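Right, one structure below, let's go through it.
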Amino acid sequence: MPTLPLPLNQWENHQKLFSISHGKPAGLPSPNPTRSFWTHSSPDANPLASEGSTGPLTTDADVCIIGSGFTGIGVAYHLSEAIEANVLQSLKVVVLEARDFCRNGGHLTPASIHDFHGRAVKYGPEEAKKSCALEVHTASSLVDIIREQGWTNDVDLVHGDRIDLLFTDKEVEEARRDREAAVDAGWSLDGVAFLSKEEIEARFGAHYPGVKVPAYNVWPLKLVTKLFQLAKTRTGPHFELVLHTHTPVTGIEHANVFGPASASGQLMNASRTYTLLTPRGTVSCSRVVHATNGYASHLLPFLAGPQGIVPVRGQIIAMRASVGTNEIKTNAWSGNERFEYWFPRPVKAADENPLIILGGAREVASPDYELYVDDDTTCNTKVGETLRAFLPAVFEGKFKPGQEPEMEWTGIMGYTAIGDPFVGPIDKLPAAQGNDSMSYAGQYIAAGHSGHGMPRAFGCAEVVADMIVAVLAGKEWLRPEWLPTRYLTWEERGTTMRN
C-alpha cells in the first residue's frame, strides 16, 4: 500500500492557529483570480460573469447585498419569495460583486455525525442536532427547488453518498464517538453506515475503513445562476433585482439618522441610511447584507483575526481517472479529517473516464495551513504537488502517477475559531460593540462558513432574509427550529451554550 503524500492528524494543530492574534483585515477580492473548472471549463459556464459591469450604476435600493455567491444570491432569492408571497408590498434589491459572478465550489453534503460528540460536549446535544439539522434543511431546500423547477440536468445534480475515509486509528475512534453521541441524542442515522476496510477494498480499491453518509453534488455556479434568474423573473411593479459585477464595495458611509417609513414599512428613498462606495460611483440603501465570507473583514475590520473571520486559501485540481465510472463509481469522498475532499463529475459517454474534482492538501502548507491568505491569483506549488500524488496513493491503479491535472485553481474560504458562521445583525456582534455599534444598525452578515458553505450558506441566507422581511413587515422574527443558536450574532460563541 503506497504511503500517503501528506501528514495525518493535523486538525488539532490547525485549530491552535486560532489562538494566535493576527489583526490585518482582508483585502478586496483580486480582479484576476485563477480560473476554476466551475467558471472557465466551457465558454457558457458563467453567462452572468460580467452582468451589470458596464453602463449606468443603480444608485438607490432598499437592500444592498455585497457578494454574489450562494449566500448573497440566496438572500436575494428569499427576499423575492417574500414578494411572491405578498409578505412585502415592494422591494428593490441590488447585488454588488467585486469580480465575475459567483465563484463557489464544494460538496452539497449535510453533516450527519461528523464532530457530533465534540459539539454535544461543548454546546449540548440539542445544539449538536441543530448543527446537522441546518445542513439537512439547506441541502433538502436546494434539492427541492432543483426538482420542482426541472433543473436536475441543468445543474448536474447527483444524488448518492459520500464516504469519509478514516486514515488513522484516531479518526476511527472519533467517528465511533460521534455515532454514539448522535444515537444518545436521538439524531437519525438514516443513510449512515460504517464500512470496514475489507468492504471498501472490495468495492472501491482503497485500503481504509470509512463512514458512508447521504450526499448530493451539483455544479455550484450553474445552480446559483438559476436561483438568480428565477428571482429575477419576479421583477415587476413591486420588485426589482439588479446585479452589478466588477463593482467592488470599497467603503460604507453612514448617514447617522433613519428617515421616515413608507406605507410598506420601508425607508423613503430620500433618507437612505447608507451610502456604498464603489469605483463606479455610489449606491444609497437602507440595509446592507455582507455575504463576503473570507473577505468580510475588509469592510468590517473588527472581524479581522482569530475571533472574527479568517481568510483561508483552498486549492483544487481537476484530475482525469485512468479507469471508467464502473470502477470509480459516482459517490463523493473525503479523507484525513476531511482536509481532502473529492468527487467525480458525471460523464457524457459510457467510454469516458471521469474527471475528479479534488481539493485540500493545506496540511503541507505548514506552519500556517494557508490561513490568512486572501490571494487566489496563484497556486501553492507544494500543495499542488501533494494533490497530484494523493489519488494515485489512495486508489492504486486507478490514477496515473505523475499525471498533470486538466485545471488547477485556488479560492478563498472564510473560517472562524469554532468552525461556525456569524449570522444576523452586525450591530449585535460583541466585536462591534466598541466600534460605535449604532453605525452598523441595519447591516447584516452571513459569513464564516469554515469550508462547509455548500450545505450552510443558502440556509443562513434564508435566516438573514427573514430577519429583514420581519423588520420591513413590522413582525417579530422567530428563530427556525433548525438554526443553531450559537450562529446568531448576539449569542455567546464560547462553550457556555450548554446550559
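Chain labels A, B, ... are given in the sequence in which chains occur in the C-alpha cells; within each chain residues are numbered consecutively from 1, and ligands are likewise numbered from 1 in the order shown.
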
Identify, on the basis of only C-alpha atoms, every residue whose closest approach to A:Leu358 does not exceed 9 Å; exclude the query and any residue fewer than 4 positions from it along the same chain; express the result as a list in words.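 Here the qualifying residues turn out to be Gln315, Ile316, Ile317, Ala318, Met319, Glu340, Tyr341, Trp342, Phe343, Pro344, Leu387 and Leu391 of chain A.
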
Take the residues that were just selected and, keeping N, CA, C and O atoms, output them as a compact mmCIF listing (two decimals), in the first residue's frame.
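Listing of part.txt after writing:
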# COMPACT_ATOMS: atom_id res chain seq x y z
N GLN A 315 -7.06 24.99 -2.38
CA GLN A 315 -6.53 24.69 -3.71
C GLN A 315 -7.19 23.43 -4.25
O GLN A 315 -7.40 22.47 -3.50
N ILE A 316 -7.48 23.44 -5.54
CA ILE A 316 -8.26 22.36 -6.15
C ILE A 316 -7.65 22.01 -7.50
O ILE A 316 -7.13 22.88 -8.21
N ILE A 317 -7.74 20.73 -7.85
CA ILE A 317 -7.34 20.29 -9.19
C ILE A 317 -8.47 19.47 -9.81
O ILE A 317 -9.30 18.90 -9.11
N ALA A 318 -8.49 19.44 -11.13
CA ALA A 318 -9.39 18.57 -11.89
C ALA A 318 -8.53 17.50 -12.54
O ALA A 318 -7.76 17.79 -13.46
N MET A 319 -8.62 16.26 -12.04
CA MET A 319 -7.73 15.17 -12.43
C MET A 319 -8.54 14.06 -13.11
O MET A 319 -9.54 13.59 -12.56
N GLU A 340 -9.02 16.60 2.85
CA GLU A 340 -9.14 16.31 1.42
C GLU A 340 -10.58 15.93 1.09
O GLU A 340 -11.25 15.25 1.87
N TYR A 341 -11.02 16.35 -0.07
CA TYR A 341 -12.41 16.11 -0.48
C TYR A 341 -12.44 16.04 -2.00
O TYR A 341 -11.77 16.81 -2.69
N TRP A 342 -13.20 15.09 -2.54
CA TRP A 342 -13.20 14.91 -3.99
C TRP A 342 -14.46 14.20 -4.44
O TRP A 342 -15.14 13.52 -3.66
N PHE A 343 -14.81 14.40 -5.69
CA PHE A 343 -15.93 13.67 -6.28
C PHE A 343 -15.78 13.65 -7.79
O PHE A 343 -15.16 14.54 -8.38
N PRO A 344 -16.33 12.61 -8.43
CA PRO A 344 -16.24 12.51 -9.89
C PRO A 344 -17.36 13.32 -10.56
O PRO A 344 -18.50 13.33 -10.11
N LEU A 387 -1.48 17.29 -4.06
CA LEU A 387 -2.76 16.93 -4.66
C LEU A 387 -2.56 15.96 -5.83
O LEU A 387 -3.31 14.99 -5.99
N LEU A 391 -4.46 11.00 -5.10
CA LEU A 391 -5.37 9.96 -5.60
C LEU A 391 -4.65 8.70 -6.06
O LEU A 391 -5.12 7.58 -5.79

Please give the complete set of residues from stretch 40-289 of chain A that DSSP, run on the backbone, assigns to strand (DSSP E), formatted as an NGL selection string. :A and (60-66 or 91-96 or 158-165 or 193-195 or 210-217 or 239-244 or 251-254 or 274-278 or 281-289)

In Å to one decimal, how far is atom CA of A:Phe458 from atom CA of A:Phe18?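 We find that atom CA of A:Phe18 and atom CA of A:Phe458 lie 26.1 Å from each other.
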
Residue set, stretch 283-467 of chain A restricted to helix (DSSP H, G or I), as an MDAnalysis selection string: chainID A and resid 293:299 301:303 325:328 362:364 381:394 426:428 430:432 437:440 457:467

If we count only C-alpha atoms and set the cut-off at 8 Å, which residues sit around A:Phe399, ignoring sequence neighbours fewer than 4 positions away in its own chain? Please answer as a VMD selection string. chain A and resid 320 to 323 391 to 392 395 403

Got a sec: who's within 6 Å of A:Ser297, counting only C-alpha atoms, leaving out chain neighbours fewer than 4 positions off, as a VMD selection string? chain A and resid 25 to 26 301 303 to 304

Dump all heavy atoms for the selected residues as a short mmCIF file (atom, residue, chain, number, x, y, z; two decimals), in the first residue's frame?
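Written output follows (out.cif):
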data_model
loop_
_atom_site.label_atom_id
_atom_site.label_comp_id
_atom_site.auth_asym_id
_atom_site.auth_seq_id
_atom_site.Cartn_x
_atom_site.Cartn_y
_atom_site.Cartn_z
N PRO A 25 -6.88 43.16 8.39
CA PRO A 25 -8.10 42.87 7.63
C PRO A 25 -7.78 42.30 6.25
O PRO A 25 -6.69 42.52 5.69
CB PRO A 25 -8.77 44.24 7.50
CG PRO A 25 -8.17 45.07 8.59
CD PRO A 25 -6.76 44.59 8.73
N ALA A 26 -8.72 41.57 5.71
CA ALA A 26 -8.58 41.02 4.36
C ALA A 26 -8.58 42.15 3.34
O ALA A 26 -9.14 43.23 3.57
CB ALA A 26 -9.70 40.04 4.06
N PRO A 301 -13.50 45.72 9.69
CA PRO A 301 -12.15 45.41 10.17
C PRO A 301 -12.10 44.83 11.58
O PRO A 301 -11.12 44.15 11.92
CB PRO A 301 -11.42 46.77 10.10
CG PRO A 301 -12.50 47.80 10.00
CD PRO A 301 -13.65 47.14 9.31
N LEU A 303 -13.63 42.38 12.47
CA LEU A 303 -13.72 40.93 12.30
C LEU A 303 -12.40 40.32 11.82
O LEU A 303 -12.34 39.13 11.53
CB LEU A 303 -14.83 40.57 11.31
CG LEU A 303 -16.26 40.69 11.84
CD1 LEU A 303 -17.26 40.32 10.74
CD2 LEU A 303 -16.48 39.82 13.07
N ALA A 304 -11.35 41.12 11.75
CA ALA A 304 -10.04 40.57 11.41
C ALA A 304 -9.50 39.79 12.60
O ALA A 304 -9.74 40.11 13.75
CB ALA A 304 -9.08 41.70 11.05
#

Looking at A:Pro484, A:Pro56, A:Pro47, A:Pro33, which one is nearest to A:Ile412, with distances taken over only C-alpha atoms?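 Checking each of A:Pro484, A:Pro56, A:Pro47, A:Pro33 against A:Ile412, counting only C-alpha atoms, the winner is A:Pro33.
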
Just to confirm, what's the straight-line distance from atom CA of A:Glu180 to atom CA of A:Arg493 in Å (one decimal)?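 It comes out at 24.9 Å.
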
Would you pick out the contacts of A:Glu97 at 10 Å or less, using only C-alpha atoms, so that residues sharing its chain but fewer than 5 positions from it are not included, and give the list as a PyMOL selection string? chain A and resi 29+49-53+65-69+72+102+243-249+291-292

Could you take the residues named above and write them with N, CA, C and O atoms, as a PDB file, in the first residue's frame?
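So the final result, stored in again-v9.pdb, reads:
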ATOM      1  N   PRO A  29     -11.252  41.261  -3.009  1.00  0.00           N
ATOM      2  CA  PRO A  29     -11.018  40.135  -3.911  1.00  0.00           C
ATOM      3  C   PRO A  29     -10.215  40.575  -5.137  1.00  0.00           C
ATOM      4  O   PRO A  29     -10.445  41.648  -5.683  1.00  0.00           O
ATOM      5  N   ALA A  49     -21.273  36.360 -15.857  1.00  0.00           N
ATOM      6  CA  ALA A  49     -19.940  36.757 -15.398  1.00  0.00           C
ATOM      7  C   ALA A  49     -19.772  38.263 -15.316  1.00  0.00           C
ATOM      8  O   ALA A  49     -19.237  38.785 -14.332  1.00  0.00           O
ATOM      9  N   SER A  50     -20.211  38.993 -16.341  1.00  0.00           N
ATOM     10  CA  SER A  50     -19.996  40.442 -16.399  1.00  0.00           C
ATOM     11  C   SER A  50     -21.299  41.224 -16.324  1.00  0.00           C
ATOM     12  O   SER A  50     -21.350  42.400 -16.692  1.00  0.00           O
ATOM     13  N   GLU A  51     -22.338  40.590 -15.839  1.00  0.00           N
ATOM     14  CA  GLU A  51     -23.659  41.225 -15.753  1.00  0.00           C
ATOM     15  C   GLU A  51     -23.570  42.557 -15.001  1.00  0.00           C
ATOM     16  O   GLU A  51     -23.030  42.645 -13.896  1.00  0.00           O
ATOM     17  N   GLY A  52     -24.078  43.617 -15.633  1.00  0.00           N
ATOM     18  CA  GLY A  52     -24.155  44.920 -14.966  1.00  0.00           C
ATOM     19  C   GLY A  52     -22.826  45.584 -14.706  1.00  0.00           C
ATOM     20  O   GLY A  52     -22.740  46.517 -13.897  1.00  0.00           O
ATOM     21  N   SER A  53     -21.772  45.131 -15.394  1.00  0.00           N
ATOM     22  CA  SER A  53     -20.447  45.703 -15.145  1.00  0.00           C
ATOM     23  C   SER A  53     -20.181  46.959 -15.960  1.00  0.00           C
ATOM     24  O   SER A  53     -19.212  47.671 -15.715  1.00  0.00           O
ATOM     25  N   ILE A  65     -26.826  43.945  -1.301  1.00  0.00           N
ATOM     26  CA  ILE A  65     -26.162  42.694  -0.929  1.00  0.00           C
ATOM     27  C   ILE A  65     -24.759  42.726  -1.523  1.00  0.00           C
ATOM     28  O   ILE A  65     -24.594  42.922  -2.728  1.00  0.00           O
ATOM     29  N   ILE A  66     -23.756  42.552  -0.668  1.00  0.00           N
ATOM     30  CA  ILE A  66     -22.371  42.556  -1.126  1.00  0.00           C
ATOM     31  C   ILE A  66     -21.909  41.111  -1.248  1.00  0.00           C
ATOM     32  O   ILE A  66     -21.751  40.404  -0.248  1.00  0.00           O
ATOM     33  N   GLY A  67     -21.701  40.654  -2.493  1.00  0.00           N
ATOM     34  CA  GLY A  67     -21.303  39.278  -2.735  1.00  0.00           C
ATOM     35  C   GLY A  67     -22.357  38.520  -3.521  1.00  0.00           C
ATOM     36  O   GLY A  67     -23.549  38.586  -3.198  1.00  0.00           O
ATOM     37  N   SER A  68     -21.919  37.777  -4.553  1.00  0.00           N
ATOM     38  CA  SER A  68     -22.887  37.090  -5.426  1.00  0.00           C
ATOM     39  C   SER A  68     -22.712  35.581  -5.406  1.00  0.00           C
ATOM     40  O   SER A  68     -22.994  34.909  -6.403  1.00  0.00           O
ATOM     41  N   GLY A  69     -22.261  35.033  -4.285  1.00  0.00           N
ATOM     42  CA  GLY A  69     -22.189  33.589  -4.155  1.00  0.00           C
ATOM     43  C   GLY A  69     -23.487  33.012  -3.635  1.00  0.00           C
ATOM     44  O   GLY A  69     -24.553  33.643  -3.715  1.00  0.00           O
ATOM     45  N   GLY A  72     -25.111  35.460  -0.933  1.00  0.00           N
ATOM     46  CA  GLY A  72     -25.691  36.699  -1.452  1.00  0.00           C
ATOM     47  C   GLY A  72     -26.896  36.465  -2.336  1.00  0.00           C
ATOM     48  O   GLY A  72     -27.946  37.106  -2.162  1.00  0.00           O
ATOM     49  N   CYS A 102     -20.265  34.907  -8.965  1.00  0.00           N
ATOM     50  CA  CYS A 102     -20.234  33.617  -8.268  1.00  0.00           C
ATOM     51  C   CYS A 102     -18.978  32.781  -8.510  1.00  0.00           C
ATOM     52  O   CYS A 102     -18.707  32.344  -9.621  1.00  0.00           O
ATOM     53  N   LEU A 243     -28.148  43.197 -10.621  1.00  0.00           N
ATOM     54  CA  LEU A 243     -26.812  42.673 -10.342  1.00  0.00           C
ATOM     55  C   LEU A 243     -25.768  43.538 -11.023  1.00  0.00           C
ATOM     56  O   LEU A 243     -25.875  43.829 -12.222  1.00  0.00           O
ATOM     57  N   HIS A 244     -24.760  43.959 -10.260  1.00  0.00           N
ATOM     58  CA  HIS A 244     -23.625  44.685 -10.824  1.00  0.00           C
ATOM     59  C   HIS A 244     -22.352  43.920 -10.473  1.00  0.00           C
ATOM     60  O   HIS A 244     -21.903  43.923  -9.322  1.00  0.00           O
ATOM     61  N   THR A 245     -21.785  43.226 -11.461  1.00  0.00           N
ATOM     62  CA  THR A 245     -20.499  42.568 -11.244  1.00  0.00           C
ATOM     63  C   THR A 245     -19.376  43.570 -11.495  1.00  0.00           C
ATOM     64  O   THR A 245     -19.609  44.683 -11.980  1.00  0.00           O
ATOM     65  N   HIS A 246     -18.144  43.186 -11.117  1.00  0.00           N
ATOM     66  CA  HIS A 246     -16.973  44.054 -11.273  1.00  0.00           C
ATOM     67  C   HIS A 246     -17.228  45.438 -10.668  1.00  0.00           C
ATOM     68  O   HIS A 246     -16.822  46.459 -11.231  1.00  0.00           O
ATOM     69  N   THR A 247     -17.891  45.402  -9.520  1.00  0.00           N
ATOM     70  CA  THR A 247     -18.230  46.635  -8.805  1.00  0.00           C
ATOM     71  C   THR A 247     -17.911  46.432  -7.331  1.00  0.00           C
ATOM     72  O   THR A 247     -18.815  46.212  -6.502  1.00  0.00           O
ATOM     73  N   PRO A 248     -16.630  46.452  -6.960  1.00  0.00           N
ATOM     74  CA  PRO A 248     -16.267  46.213  -5.562  1.00  0.00           C
ATOM     75  C   PRO A 248     -16.730  47.352  -4.651  1.00  0.00           C
ATOM     76  O   PRO A 248     -16.631  48.523  -5.016  1.00  0.00           O
ATOM     77  N   VAL A 249     -17.222  46.976  -3.484  1.00  0.00           N
ATOM     78  CA  VAL A 249     -17.578  47.972  -2.482  1.00  0.00           C
ATOM     79  C   VAL A 249     -16.316  48.267  -1.670  1.00  0.00           C
ATOM     80  O   VAL A 249     -15.763  47.383  -1.014  1.00  0.00           O
ATOM     81  N   ALA A 291     -22.248  39.395   2.440  1.00  0.00           N
ATOM     82  CA  ALA A 291     -22.165  37.980   2.035  1.00  0.00           C
ATOM     83  C   ALA A 291     -20.792  37.753   1.428  1.00  0.00           C
ATOM     84  O   ALA A 291     -20.658  37.227   0.320  1.00  0.00           O
ATOM     85  N   THR A 292     -19.771  38.151   2.166  1.00  0.00           N
ATOM     86  CA  THR A 292     -18.410  38.238   1.645  1.00  0.00           C
ATOM     87  C   THR A 292     -17.481  37.185   2.217  1.00  0.00           C
ATOM     88  O   THR A 292     -16.299  37.148   1.860  1.00  0.00           O
TER      89      THR A 292
END

Please list as a PDB file with C-alpha atoms, in the first residue's frame every residue within 12 Å of A:Ser21, counting only C-alpha atoms and excluding residues in the same chain fewer than 3 positions away.
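Final file, result-v1.pdb:
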ATOM      1  CA  LYS A  16      -4.196  26.089  17.520  1.00  0.00           C
ATOM      2  CA  LEU A  17      -3.554  28.835  14.983  1.00  0.00           C
ATOM      3  CA  PHE A  18      -6.789  30.492  16.096  1.00  0.00           C
ATOM      4  CA  LYS A  24      -4.781  42.514   9.498  1.00  0.00           C
ATOM      5  CA  LEU A 303     -13.716  40.927  12.300  1.00  0.00           C
ATOM      6  CA  ALA A 304     -10.041  40.572  11.412  1.00  0.00           C
ATOM      7  CA  GLY A 305      -8.131  37.968  13.376  1.00  0.00           C
ATOM      8  CA  PRO A 306      -8.927  34.665  15.072  1.00  0.00           C
ATOM      9  CA  GLN A 307     -12.061  35.870  16.876  1.00  0.00           C
ATOM     10  CA  GLY A 308     -13.554  37.042  13.607  1.00  0.00           C
ATOM     11  CA  VAL A 310     -10.022  34.339   8.824  1.00  0.00           C
ATOM     12  CA  TYR A 372      -4.666  34.486   6.469  1.00  0.00           C
ATOM     13  CA  ALA A 417     -12.407  29.760  15.562  1.00  0.00           C
TER      14      ALA A 417
END

Residue neighbourhood A:Arg147, 12 Å, only C-alpha atoms, exclusion window fewer than 5 positions, as number ranges by chain: A: 140-142, 152-159, 223

Which residue out of A:Gly236, A:Gly294, A:Gly124, A:Pro354 has the minimum interatomic distance to A:Gly414 when only C-alpha atoms are used?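 Using only C-alpha atoms, A:Gly414 sits closest to A:Gly294.
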